[in-house]
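A.B. asks: Sharing a structure, written as C-alpha coordinates. Questions coming.
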Amino acid sequence: MFALVDCNNFYASCERLFRPSLEGRPVVVLSNNDGCVVARSNEAKALGIPMGAPYFRYAAVLRRADAAVFSSNYALYGDLSRRVMQVLAGFSPRIEVYSIDECFLDLTGVRDPTALGLEIARTVRRWTGIPVAVGIAPTKTLAKLANRLAKKGYGPTGPVLDWSELQDQDAVLGAVPVEDLWGIAARSGARLRALGIADALALREAHPQRLRASFGVVVERIARELRGQACLALEEVAPPRRQVMVSRSFGAAVSAPAELRAAVTAFASRAGEKLRSQGLAAPALTVFVQTNPFDTGRAFYANAVTLGFPVPTQDSTALVRAATRGVDRLFRAGDAYRKAGVLLPDVVPAEQAPADLFAEVGEDDRARRRMAVLDAVNRKYGRETLRFAGQLSGSGWRRRSERGSGVSTTRWAGLATVRAG
DNA sequence: TCTGGGGTCCTAGGACCC
DNA sequence: TCTGGGGTCCTAGGACCC
(Lines give C-alpha, C1' and ligand atoms only; values in the text may rest on other atoms or scores of the structure.)
Protein backbone atom coordinates (compact mmCIF):
# COMPACT_ATOMS: atom_id res chain seq x y z
CA MET A 1 0.00 0.00 0.00
CA PHE A 2 1.38 3.37 -1.07
CA ALA A 3 0.69 6.89 0.07
CA LEU A 4 1.70 9.84 -2.05
CA VAL A 5 2.12 13.05 -0.08
CA ASP A 6 2.26 16.10 -2.32
CA CYS A 7 2.66 19.68 -1.12
CA ASN A 8 -0.02 22.06 -2.36
CA ASN A 9 1.33 24.71 -4.79
CA PHE A 10 4.67 24.18 -3.10
CA TYR A 11 6.74 27.26 -4.05
CA ALA A 12 3.74 29.54 -3.64
CA SER A 13 3.06 28.02 -0.21
CA CYS A 14 6.72 28.59 0.76
CA GLU A 15 6.50 32.28 -0.13
CA ARG A 16 3.26 32.59 1.77
CA LEU A 17 4.64 30.91 4.85
CA PHE A 18 6.05 34.03 6.48
CA ARG A 19 3.43 36.43 5.13
CA PRO A 20 0.01 35.59 6.47
CA SER A 21 -1.24 38.72 4.69
CA LEU A 22 -0.95 36.78 1.41
CA GLU A 23 -3.68 34.33 2.46
CA GLY A 24 -6.54 34.62 0.00
CA ARG A 25 -4.47 36.65 -2.49
CA PRO A 26 -3.20 35.18 -5.77
CA VAL A 27 0.47 34.23 -5.46
CA VAL A 28 2.76 33.15 -8.30
CA VAL A 29 6.44 32.21 -8.39
CA LEU A 30 8.52 32.80 -11.52
CA SER A 31 11.20 30.63 -13.13
CA ASN A 32 14.89 31.38 -13.07
CA ASN A 33 15.00 34.45 -15.27
CA ASP A 34 11.64 35.80 -14.12
CA GLY A 35 10.54 34.20 -17.39
CA CYS A 36 7.73 31.73 -16.71
CA VAL A 37 5.15 31.10 -14.02
CA VAL A 38 6.22 27.88 -12.31
CA ALA A 39 3.96 27.88 -9.25
CA ARG A 40 0.49 29.25 -8.61
CA SER A 41 -1.68 29.50 -5.54
CA ASN A 42 -5.28 28.32 -5.95
CA GLU A 43 -6.37 31.95 -6.41
CA ALA A 44 -3.84 32.34 -9.25
CA LYS A 45 -5.05 29.12 -10.88
CA ALA A 46 -8.59 30.49 -10.69
CA LEU A 47 -7.42 33.50 -12.73
CA GLY A 48 -6.69 31.08 -15.56
CA ILE A 49 -2.89 31.33 -15.39
CA PRO A 50 -1.52 28.11 -16.92
CA MET A 51 1.51 26.28 -15.55
CA GLY A 52 4.66 27.38 -17.38
CA ALA A 53 3.02 30.45 -18.88
CA PRO A 54 5.37 33.26 -20.00
CA TYR A 55 5.10 35.87 -17.28
CA PHE A 56 4.96 38.89 -19.59
CA ARG A 57 1.73 37.62 -21.11
CA TYR A 58 -0.04 37.51 -17.78
CA ALA A 59 1.63 40.43 -15.99
CA ALA A 60 -1.35 42.71 -16.60
CA VAL A 61 -3.91 40.14 -15.42
CA LEU A 62 -1.86 39.51 -12.29
CA ARG A 63 -1.52 43.21 -11.56
CA ARG A 64 -5.26 43.79 -11.90
CA ALA A 65 -5.94 40.92 -9.52
CA ASP A 66 -3.51 42.38 -6.95
CA ALA A 67 -1.41 39.23 -7.15
CA ALA A 68 1.89 38.80 -5.32
CA VAL A 69 4.64 37.83 -7.79
CA PHE A 70 7.97 36.36 -6.64
CA SER A 71 11.26 35.43 -8.26
CA SER A 72 12.20 31.89 -7.29
CA ASN A 73 14.24 31.28 -4.16
CA TYR A 74 15.52 27.72 -4.32
CA ALA A 75 17.51 27.93 -1.11
CA LEU A 76 14.24 28.53 0.73
CA TYR A 77 12.26 25.85 -1.11
CA GLY A 78 15.03 23.29 -0.68
CA ASP A 79 15.23 23.90 3.06
CA LEU A 80 11.46 23.70 3.58
CA SER A 81 11.38 20.55 1.45
CA ARG A 82 13.96 18.91 3.73
CA ARG A 83 11.80 19.76 6.74
CA VAL A 84 8.67 18.28 5.18
CA MET A 85 10.51 15.07 4.24
CA GLN A 86 11.93 14.81 7.74
CA VAL A 87 8.43 14.94 9.21
CA LEU A 88 7.19 12.34 6.71
CA ALA A 89 10.07 10.00 7.56
CA GLY A 90 8.58 9.76 11.04
CA PHE A 91 5.40 8.18 9.68
CA SER A 92 6.77 5.22 7.74
CA PRO A 93 9.89 3.07 7.90
CA ARG A 94 10.19 3.22 4.10
CA ILE A 95 9.84 6.39 2.09
CA GLU A 96 10.88 7.55 -1.37
CA VAL A 97 11.54 11.26 -1.80
CA TYR A 98 10.23 11.57 -5.34
CA SER A 99 10.71 15.28 -5.98
CA ILE A 100 11.18 18.53 -4.10
CA ASP A 101 7.51 18.50 -3.06
CA GLU A 102 6.43 14.85 -3.28
CA CYS A 103 7.09 11.73 -1.28
CA PHE A 104 5.85 8.14 -1.48
CA LEU A 105 5.36 6.29 1.82
CA ASP A 106 5.00 2.55 2.31
CA LEU A 107 1.78 2.07 4.29
CA THR A 108 1.76 -1.71 4.12
CA GLY A 109 0.06 -3.15 7.20
CA VAL A 110 -1.50 0.12 8.33
CA ARG A 111 -4.94 -0.63 9.73
CA ASP A 112 -6.67 2.70 9.07
CA PRO A 113 -4.82 4.45 6.22
CA THR A 114 -7.27 7.35 6.01
CA ALA A 115 -6.81 8.19 9.69
CA LEU A 116 -3.03 8.04 9.29
CA GLY A 117 -3.24 10.22 6.18
CA LEU A 118 -5.17 12.86 8.08
CA GLU A 119 -2.64 12.70 10.90
CA ILE A 120 0.21 13.15 8.36
CA ALA A 121 -1.44 16.18 6.76
CA ARG A 122 -2.17 17.78 10.13
CA THR A 123 1.35 17.21 11.43
CA VAL A 124 3.15 18.49 8.33
CA ARG A 125 0.98 21.57 8.39
CA ARG A 126 1.56 22.25 12.07
CA TRP A 127 5.31 21.54 12.12
CA THR A 128 6.33 23.15 8.80
CA GLY A 129 3.43 25.39 7.76
CA ILE A 130 3.13 23.67 4.39
CA PRO A 131 -0.29 22.30 3.33
CA VAL A 132 -0.28 18.84 1.75
CA ALA A 133 -2.68 16.32 0.24
CA VAL A 134 -2.42 12.55 0.63
CA GLY A 135 -3.42 9.88 -1.89
CA ILE A 136 -3.50 6.24 -0.80
CA ALA A 137 -3.71 3.21 -3.12
CA PRO A 138 -2.25 -0.22 -3.89
CA THR A 139 -0.12 1.16 -6.78
CA LYS A 140 1.90 4.32 -7.30
CA THR A 141 -0.12 5.34 -10.35
CA LEU A 142 -3.37 5.08 -8.40
CA ALA A 143 -1.81 6.88 -5.42
CA LYS A 144 -0.88 9.76 -7.74
CA LEU A 145 -4.42 9.83 -9.05
CA ALA A 146 -5.93 9.61 -5.55
CA ASN A 147 -3.74 12.55 -4.55
CA ARG A 148 -5.11 14.69 -7.40
CA LEU A 149 -8.62 13.76 -6.41
CA ALA A 150 -7.89 14.52 -2.75
CA LYS A 151 -6.81 18.02 -3.75
CA LYS A 152 -10.07 18.42 -5.62
CA GLY A 153 -12.05 17.59 -2.51
CA TYR A 154 -12.97 13.95 -3.12
CA GLY A 155 -11.71 13.02 0.34
CA PRO A 156 -14.60 12.42 2.75
CA THR A 157 -13.07 14.31 5.67
CA GLY A 158 -10.14 16.34 4.41
CA PRO A 159 -7.23 16.41 1.97
CA VAL A 160 -6.87 12.62 2.09
CA LEU A 161 -8.28 9.99 -0.25
CA ASP A 162 -7.91 6.22 0.07
CA TRP A 163 -8.63 4.86 -3.41
CA SER A 164 -10.05 1.60 -2.09
CA GLU A 165 -12.62 3.49 -0.02
CA LEU A 166 -13.90 5.36 -3.07
CA GLN A 167 -17.41 4.54 -4.28
CA ASP A 168 -17.92 4.13 -8.08
CA GLN A 169 -14.25 3.98 -9.00
CA ASP A 170 -15.20 3.26 -12.61
CA ALA A 171 -17.25 6.43 -12.93
CA VAL A 172 -14.38 8.45 -11.49
CA LEU A 173 -11.85 6.84 -13.85
CA GLY A 174 -14.19 7.50 -16.76
CA ALA A 175 -14.09 11.22 -15.96
CA VAL A 176 -10.26 11.42 -15.82
CA PRO A 177 -8.75 12.53 -19.17
CA VAL A 178 -5.99 10.14 -20.16
CA GLU A 179 -3.43 12.97 -20.18
CA ASP A 180 -4.04 13.58 -16.48
CA LEU A 181 -2.44 10.25 -15.63
CA TRP A 182 1.12 10.12 -14.37
CA GLY A 183 3.33 9.26 -17.34
CA ILE A 184 0.93 10.27 -20.12
CA ALA A 185 1.37 13.70 -21.67
CA ALA A 186 0.11 15.42 -24.80
CA ARG A 187 1.87 13.22 -27.41
CA SER A 188 0.84 9.84 -26.08
CA GLY A 189 -2.52 11.30 -25.11
CA ALA A 190 -3.28 12.32 -28.69
CA ARG A 191 -2.21 8.92 -30.04
CA LEU A 192 -4.30 7.09 -27.44
CA ARG A 193 -7.32 9.25 -28.26
CA ALA A 194 -6.92 8.41 -31.93
CA LEU A 195 -7.45 4.78 -30.90
CA GLY A 196 -10.53 5.67 -28.87
CA ILE A 197 -8.75 5.60 -25.50
CA ALA A 198 -9.63 8.98 -24.09
CA ASP A 199 -9.96 8.43 -20.34
CA ALA A 200 -8.41 6.43 -17.53
CA LEU A 201 -11.19 3.83 -17.59
CA ALA A 202 -10.63 3.09 -21.29
CA LEU A 203 -6.90 2.77 -20.70
CA ARG A 204 -7.45 0.38 -17.81
CA GLU A 205 -9.63 -1.81 -20.05
CA ALA A 206 -7.26 -1.77 -23.05
CA HIS A 207 -5.24 -4.88 -23.89
CA PRO A 208 -1.83 -4.65 -22.18
CA GLN A 209 -0.06 -6.51 -24.99
CA ARG A 210 -1.54 -4.26 -27.63
CA LEU A 211 -0.57 -1.19 -25.63
CA ARG A 212 2.94 -2.53 -25.38
CA ALA A 213 3.21 -3.04 -29.12
CA SER A 214 1.96 0.47 -29.93
CA PHE A 215 3.26 2.53 -27.01
CA GLY A 216 5.97 0.55 -25.29
CA VAL A 217 6.31 -0.82 -21.83
CA VAL A 218 5.71 2.52 -20.05
CA VAL A 219 2.07 2.81 -21.11
CA GLU A 220 1.50 -0.89 -20.56
CA ARG A 221 2.65 -0.49 -16.97
CA ILE A 222 0.29 2.45 -16.41
CA ALA A 223 -2.67 0.40 -17.63
CA ARG A 224 -1.72 -2.51 -15.36
CA GLU A 225 -1.23 -0.17 -12.39
CA LEU A 226 -4.75 1.21 -12.97
CA ARG A 227 -6.02 -2.35 -12.44
CA GLY A 228 -4.23 -2.47 -9.12
CA GLN A 229 -1.29 -4.55 -10.33
CA ALA A 230 1.82 -2.87 -8.93
CA CYS A 231 4.58 -2.53 -11.55
CA LEU A 232 6.53 0.31 -9.94
CA ALA A 233 8.33 -0.32 -6.66
CA LEU A 234 9.17 2.08 -3.88
CA GLU A 235 12.75 3.24 -4.45
CA GLU A 236 14.21 4.16 -1.11
CA VAL A 237 17.73 4.84 -2.32
CA ALA A 238 18.12 7.03 -5.35
CA PRO A 239 20.30 5.40 -8.01
CA PRO A 240 23.57 7.26 -8.64
CA ARG A 241 23.38 10.32 -10.91
CA ARG A 242 24.22 9.78 -14.55
CA GLN A 243 24.73 13.35 -15.63
CA VAL A 244 25.22 16.81 -14.17
CA MET A 245 23.97 19.92 -15.92
CA VAL A 246 24.30 23.65 -15.30
CA SER A 247 22.62 25.96 -17.78
CA ARG A 248 20.96 29.36 -17.75
CA SER A 249 19.04 31.68 -19.98
CA PHE A 250 20.75 35.05 -19.98
CA GLY A 251 19.25 38.15 -18.44
CA ALA A 252 20.35 40.03 -21.56
CA ALA A 253 21.65 38.89 -24.95
CA VAL A 254 25.41 38.26 -25.12
CA SER A 255 27.42 39.05 -28.27
CA ALA A 256 30.98 39.41 -26.98
CA PRO A 257 33.07 36.23 -26.91
CA ALA A 258 34.72 37.17 -23.62
CA GLU A 259 31.35 37.49 -21.93
CA LEU A 260 30.14 34.17 -23.33
CA ARG A 261 33.34 32.65 -21.98
CA ALA A 262 32.65 34.29 -18.61
CA ALA A 263 29.21 32.69 -18.50
CA VAL A 264 30.38 29.15 -19.32
CA THR A 265 33.25 29.59 -16.87
CA ALA A 266 30.69 30.20 -14.14
CA PHE A 267 28.65 27.17 -15.30
CA ALA A 268 31.66 24.83 -15.48
CA SER A 269 32.81 25.98 -12.07
CA ARG A 270 29.37 25.34 -10.56
CA ALA A 271 29.28 21.94 -12.27
CA GLY A 272 32.60 21.14 -10.57
CA GLU A 273 31.12 22.02 -7.18
CA LYS A 274 28.21 19.68 -7.85
CA LEU A 275 30.57 16.87 -8.84
CA ARG A 276 32.65 17.22 -5.70
CA SER A 277 29.68 17.54 -3.38
CA GLN A 278 28.27 14.29 -4.78
CA GLY A 279 31.56 12.42 -5.02
CA LEU A 280 31.42 12.16 -8.81
CA ALA A 281 33.94 12.58 -11.63
CA ALA A 282 33.28 13.51 -15.26
CA PRO A 283 34.93 11.75 -18.21
CA ALA A 284 33.82 14.47 -20.64
CA LEU A 285 32.17 17.86 -20.88
CA THR A 286 29.62 19.14 -23.36
CA VAL A 287 29.19 22.88 -23.77
CA PHE A 288 26.25 24.32 -25.70
CA VAL A 289 25.12 27.78 -26.78
CA GLN A 290 21.98 29.08 -28.44
CA THR A 291 20.45 32.29 -29.71
CA ASN A 292 16.85 33.35 -29.07
CA PRO A 293 14.50 30.63 -30.36
CA PHE A 294 11.51 32.99 -30.14
CA ASP A 295 13.00 35.65 -32.37
CA THR A 296 11.33 35.06 -35.72
CA GLY A 297 13.30 37.86 -37.32
CA ARG A 298 16.70 36.16 -37.03
CA ALA A 299 17.96 32.68 -37.80
CA PHE A 300 18.12 30.47 -34.72
CA TYR A 301 21.56 29.05 -33.98
CA ALA A 302 22.20 26.28 -31.48
CA ASN A 303 25.28 24.15 -31.30
CA ALA A 304 27.22 21.95 -28.91
CA VAL A 305 30.63 20.39 -28.67
CA THR A 306 31.93 17.61 -26.42
CA LEU A 307 35.49 17.36 -25.14
CA GLY A 308 36.90 14.34 -23.34
CA PHE A 309 39.37 14.24 -20.45
CA PRO A 310 42.32 11.83 -20.25
CA VAL A 311 40.74 10.43 -17.06
CA PRO A 312 37.48 11.35 -15.30
CA THR A 313 37.97 14.59 -13.37
CA GLN A 314 36.29 16.65 -10.68
CA ASP A 315 38.69 19.57 -10.99
CA SER A 316 36.99 22.85 -11.86
CA THR A 317 40.13 24.13 -13.55
CA ALA A 318 40.01 21.31 -16.08
CA LEU A 319 36.26 21.78 -16.57
CA VAL A 320 36.62 25.52 -17.11
CA ARG A 321 39.47 25.04 -19.57
CA ALA A 322 37.42 22.55 -21.60
CA ALA A 323 34.29 24.71 -21.49
CA THR A 324 36.04 27.85 -22.71
CA ARG A 325 37.92 25.95 -25.39
CA GLY A 326 34.60 24.47 -26.51
CA VAL A 327 32.80 27.78 -26.58
CA ASP A 328 35.55 29.27 -28.73
CA ARG A 329 34.77 26.60 -31.31
CA LEU A 330 31.03 27.34 -31.19
CA PHE A 331 31.10 31.14 -31.16
CA ARG A 332 29.99 32.97 -34.30
CA ALA A 333 30.49 36.72 -34.53
CA GLY A 334 27.25 38.63 -34.98
CA ASP A 335 25.03 36.24 -33.04
CA ALA A 336 23.14 37.37 -29.96
CA TYR A 337 23.30 34.48 -27.50
CA ARG A 338 20.45 33.95 -25.05
CA LYS A 339 21.42 30.74 -23.35
CA ALA A 340 24.38 28.49 -22.72
CA GLY A 341 25.17 25.53 -20.56
CA VAL A 342 27.57 22.85 -19.48
CA LEU A 343 26.62 19.18 -19.40
CA LEU A 344 28.70 16.41 -17.83
CA PRO A 345 27.52 13.08 -19.27
CA ASP A 346 28.27 9.57 -17.98
CA VAL A 347 29.62 10.69 -14.63
CA VAL A 348 31.19 7.99 -12.42
CA PRO A 349 31.91 7.72 -8.71
CA ALA A 350 35.20 9.56 -8.15
CA GLU A 351 36.81 6.63 -6.34
CA GLN A 352 36.29 4.47 -9.43
CA ALA A 353 38.17 6.92 -11.67
CA PRO A 354 41.71 5.86 -12.50
CA ALA A 355 44.64 8.19 -11.86
CA ASP A 356 46.33 9.87 -14.81
CA LEU A 357 49.44 7.87 -15.68
CA PHE A 358 51.03 10.83 -17.44
CA ALA A 359 50.25 13.56 -14.91
CA GLU A 360 53.17 15.21 -13.13
CA VAL A 361 53.92 13.57 -9.81
CA GLY A 362 51.88 15.24 -7.07
CA GLU A 363 49.71 17.29 -9.44
CA ASP A 364 46.56 15.24 -8.73
CA ASP A 365 46.97 15.86 -5.06
CA ARG A 366 47.62 19.58 -5.47
CA ALA A 367 44.52 19.92 -7.66
CA ARG A 368 42.41 18.14 -5.05
CA ARG A 369 43.65 20.45 -2.33
CA ARG A 370 43.00 23.54 -4.46
CA MET A 371 39.41 22.45 -4.94
CA ALA A 372 39.02 21.67 -1.23
CA VAL A 373 40.10 25.22 -0.39
CA LEU A 374 37.82 26.70 -3.07
CA ASP A 375 34.83 24.77 -1.72
CA ALA A 376 35.62 25.54 1.92
CA VAL A 377 35.88 29.29 1.29
CA ASN A 378 32.70 29.41 -0.78
CA ARG A 379 30.79 27.33 1.72
CA LYS A 380 31.78 29.65 4.54
CA TYR A 381 31.56 33.04 2.84
CA GLY A 382 28.98 32.38 0.13
CA ARG A 383 28.89 31.09 -3.44
CA GLU A 384 31.45 32.67 -5.81
CA THR A 385 33.39 34.44 -3.09
CA LEU A 386 36.40 32.75 -4.69
CA ARG A 387 36.02 32.38 -8.43
CA PHE A 388 37.83 32.06 -11.74
CA ALA A 389 39.30 35.24 -13.20
CA GLY A 390 37.59 34.51 -16.50
CA GLN A 391 34.28 35.32 -14.86
CA LEU A 392 35.35 38.94 -14.52
CA SER A 393 34.96 39.49 -18.28
CA GLY A 394 31.29 40.25 -17.97
CA SER A 395 28.15 39.60 -15.98
CA GLY A 396 25.45 40.99 -18.25
CA TRP A 397 24.28 37.40 -18.75
CA ARG A 398 23.23 37.04 -15.13
CA ARG A 399 19.61 36.41 -14.45
CA ARG A 400 16.97 38.92 -13.80
CA SER A 401 15.58 38.38 -10.37
CA GLU A 402 13.68 41.50 -9.61
CA ARG A 403 11.04 40.19 -7.30
CA GLY A 404 12.89 38.11 -4.74
CA SER A 405 11.16 38.07 -1.39
CA GLY A 406 14.49 38.10 0.46
CA VAL A 407 13.00 35.69 2.96
CA SER A 408 15.30 32.90 4.02
CA THR A 409 15.56 30.10 6.52
CA THR A 410 19.24 29.56 5.70
CA ARG A 411 20.72 33.07 6.18
CA TRP A 412 20.49 35.12 9.37
CA ALA A 413 19.72 38.28 7.40
CA GLY A 414 16.71 36.71 5.73
CA LEU A 415 14.95 35.40 8.82
CA ALA A 416 11.43 36.64 9.40
CA THR A 417 10.90 39.12 12.22
CA VAL A 418 8.06 38.56 14.64
CA ARG A 419 6.69 41.29 16.87
CA ALA A 420 4.47 40.54 19.82
CA GLY A 421 1.90 42.78 21.40
C1' DT B 1 11.09 44.38 -24.25
C1' DC B 2 9.46 39.77 -22.20
C1' DT B 3 9.33 32.55 -23.05
C1' DG B 4 13.19 27.87 -16.83
C1' DG B 5 16.31 24.23 -15.27
C1' DG B 6 17.58 19.61 -14.40
C1' DG B 7 16.79 15.15 -14.84
C1' DT B 8 15.30 9.89 -16.28
C1' DC B 9 13.80 5.93 -19.11
C1' DC B 10 12.76 3.46 -23.37
C1' DT B 11 13.25 2.12 -28.20
C1' DA B 12 15.01 1.46 -32.72
C1' DG B 13 18.68 0.83 -35.52
C1' DG B 14 23.49 0.34 -36.60
C1' DA B 15 27.57 -2.18 -35.86
C1' DC B 16 29.67 -5.85 -34.29
C1' DC B 17 30.65 -10.75 -32.24
C1' DC B 18 30.79 -16.10 -32.76
C1' DT C 1 10.78 -19.63 -54.57
C1' DC C 2 15.49 -19.69 -52.09
C1' DT C 3 20.05 -16.44 -47.88
C1' DG C 4 21.11 -18.96 -39.70
C1' DG C 5 20.68 -18.05 -34.96
C1' DG C 6 21.63 -15.68 -31.01
C1' DG C 7 23.62 -12.23 -28.81
C1' DT C 8 25.91 -7.40 -26.98
C1' DC C 9 26.99 -2.54 -27.05
C1' DC C 10 26.28 2.10 -28.35
C1' DT C 11 23.78 6.20 -29.79
C1' DA C 12 20.20 9.36 -31.10
C1' DG C 13 15.85 10.76 -30.46
C1' DG C 14 11.39 10.66 -28.32
C1' DA C 15 8.73 11.13 -24.32
C1' DC C 16 8.05 12.13 -19.88
C1' DC C 17 8.66 13.99 -14.96
C1' DC C 18 8.71 18.04 -11.44
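Ligands are numbered from 1 in the order shown, chains are lettered A, B, ... in the order of the C-alpha coordinates, and residues start at 1 in each chain.
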Check stretch 212-374 of chain A with DSSP on the backbone and list each residue it calls strand (DSSP E), as a PyMOL selection string.
C.D. replies: chain A and resi 243-254+280-291+302-313+337-345+348-349
A.B. asks: Give me the chain C side of the contact with chain A, cut-off 12 Å, one line per residue showing its nearest atom pair and distance in Å at one decimal, counting only C-alpha atoms (C1' of nucleotides), sorted by chain and residue number, as JSON lines.
C.D. replies:
{"residue": "C:DG14", "atom": "C1'", "partner": "A:Arg187", "partner_atom": "CA", "distance": 9.9}
{"residue": "C:DA15", "atom": "C1'", "partner": "A:Arg187", "partner_atom": "CA", "distance": 7.8}
{"residue": "C:DC16", "atom": "C1'", "partner": "A:Gly183", "partner_atom": "CA", "distance": 6.1}
{"residue": "C:DC17", "atom": "C1'", "partner": "A:Gly183", "partner_atom": "CA", "distance": 7.5}
{"residue": "C:DC18", "atom": "C1'", "partner": "A:Ser99", "partner_atom": "CA", "distance": 6.4}
A.B. asks: Using DSSP on the backbone coordinates, identify the residues of stretch 285-362 of chain A assigned to helix (DSSP H, G or I); present them as an MDAnalysis selection string.
C.D. replies: chainID A and resid 316:330 350:352
A.B. asks: In Å, rounded to a single decimal, give me how far atom CA of A:Phe267 is from atom CA of A:Phe294.
C.D. replies: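 Between these atoms lies a distance of 23.4 Å.
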A.B. asks: Counting only C-alpha atoms (C1' of nucleotides), figure out which residue out of A:Gly196, A:Arg332, A:Pro239, A:Leu280 gets nearest to B:DT8.
C.D. replies: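 Selected residue with least distance to B:DT8: A:Pro239.
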A.B. asks: Counting only C-alpha atoms (C1' of nucleotides), what is within 12 Å of C:DA12, bar same-chain residues fewer than 4 positions away, as a PDB file with N, CA and C atoms (P, O5', C5', C4', C3', O3' and C1' of nucleotides), in the first residue's frame?
C.D. replies:
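Everything below was put into result_13.pdb:
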ATOM      1  P    DT B  11      10.632  -0.192 -24.287  1.00  0.00           P
ATOM      2  O5'  DT B  11      11.112   0.394 -25.687  1.00  0.00           O
ATOM      3  C5'  DT B  11      10.422   1.504 -26.229  1.00  0.00           C
ATOM      4  C4'  DT B  11      11.014   1.823 -27.589  1.00  0.00           C
ATOM      5  C3'  DT B  11      11.434   0.582 -28.369  1.00  0.00           C
ATOM      6  O3'  DT B  11      10.828   0.648 -29.643  1.00  0.00           O
ATOM      7  C1'  DT B  11      13.253   2.116 -28.197  1.00  0.00           C
ATOM      8  P    DA B  12      10.963  -0.571 -30.655  1.00  0.00           P
ATOM      9  O5'  DA B  12      11.784   0.108 -31.848  1.00  0.00           O
ATOM     10  C5'  DA B  12      11.648   1.506 -32.086  1.00  0.00           C
ATOM     11  C4'  DA B  12      12.730   1.929 -33.061  1.00  0.00           C
ATOM     12  C3'  DA B  12      13.131   0.839 -34.046  1.00  0.00           C
ATOM     13  O3'  DA B  12      13.321   1.448 -35.321  1.00  0.00           O
ATOM     14  C1'  DA B  12      15.015   1.458 -32.721  1.00  0.00           C
ATOM     15  P    DG B  13      13.674   0.487 -36.589  1.00  0.00           P
ATOM     16  O5'  DG B  13      15.218   0.797 -36.783  1.00  0.00           O
ATOM     17  C5'  DG B  13      15.673   2.144 -36.692  1.00  0.00           C
ATOM     18  C4'  DG B  13      17.185   2.142 -36.747  1.00  0.00           C
ATOM     19  C3'  DG B  13      17.759   1.062 -37.671  1.00  0.00           C
ATOM     20  O3'  DG B  13      18.828   1.626 -38.409  1.00  0.00           O
ATOM     21  C1'  DG B  13      18.677   0.834 -35.519  1.00  0.00           C
ATOM     22  P    DG B  14      19.513   0.797 -39.612  1.00  0.00           P
ATOM     23  O5'  DG B  14      21.051   0.978 -39.255  1.00  0.00           O
ATOM     24  C5'  DG B  14      21.500   2.238 -38.754  1.00  0.00           C
ATOM     25  C4'  DG B  14      22.828   2.031 -38.074  1.00  0.00           C
ATOM     26  C3'  DG B  14      23.764   1.095 -38.836  1.00  0.00           C
ATOM     27  O3'  DG B  14      25.043   1.691 -38.903  1.00  0.00           O
ATOM     28  C1'  DG B  14      23.490   0.339 -36.603  1.00  0.00           C
TER      29       DG B  14
END
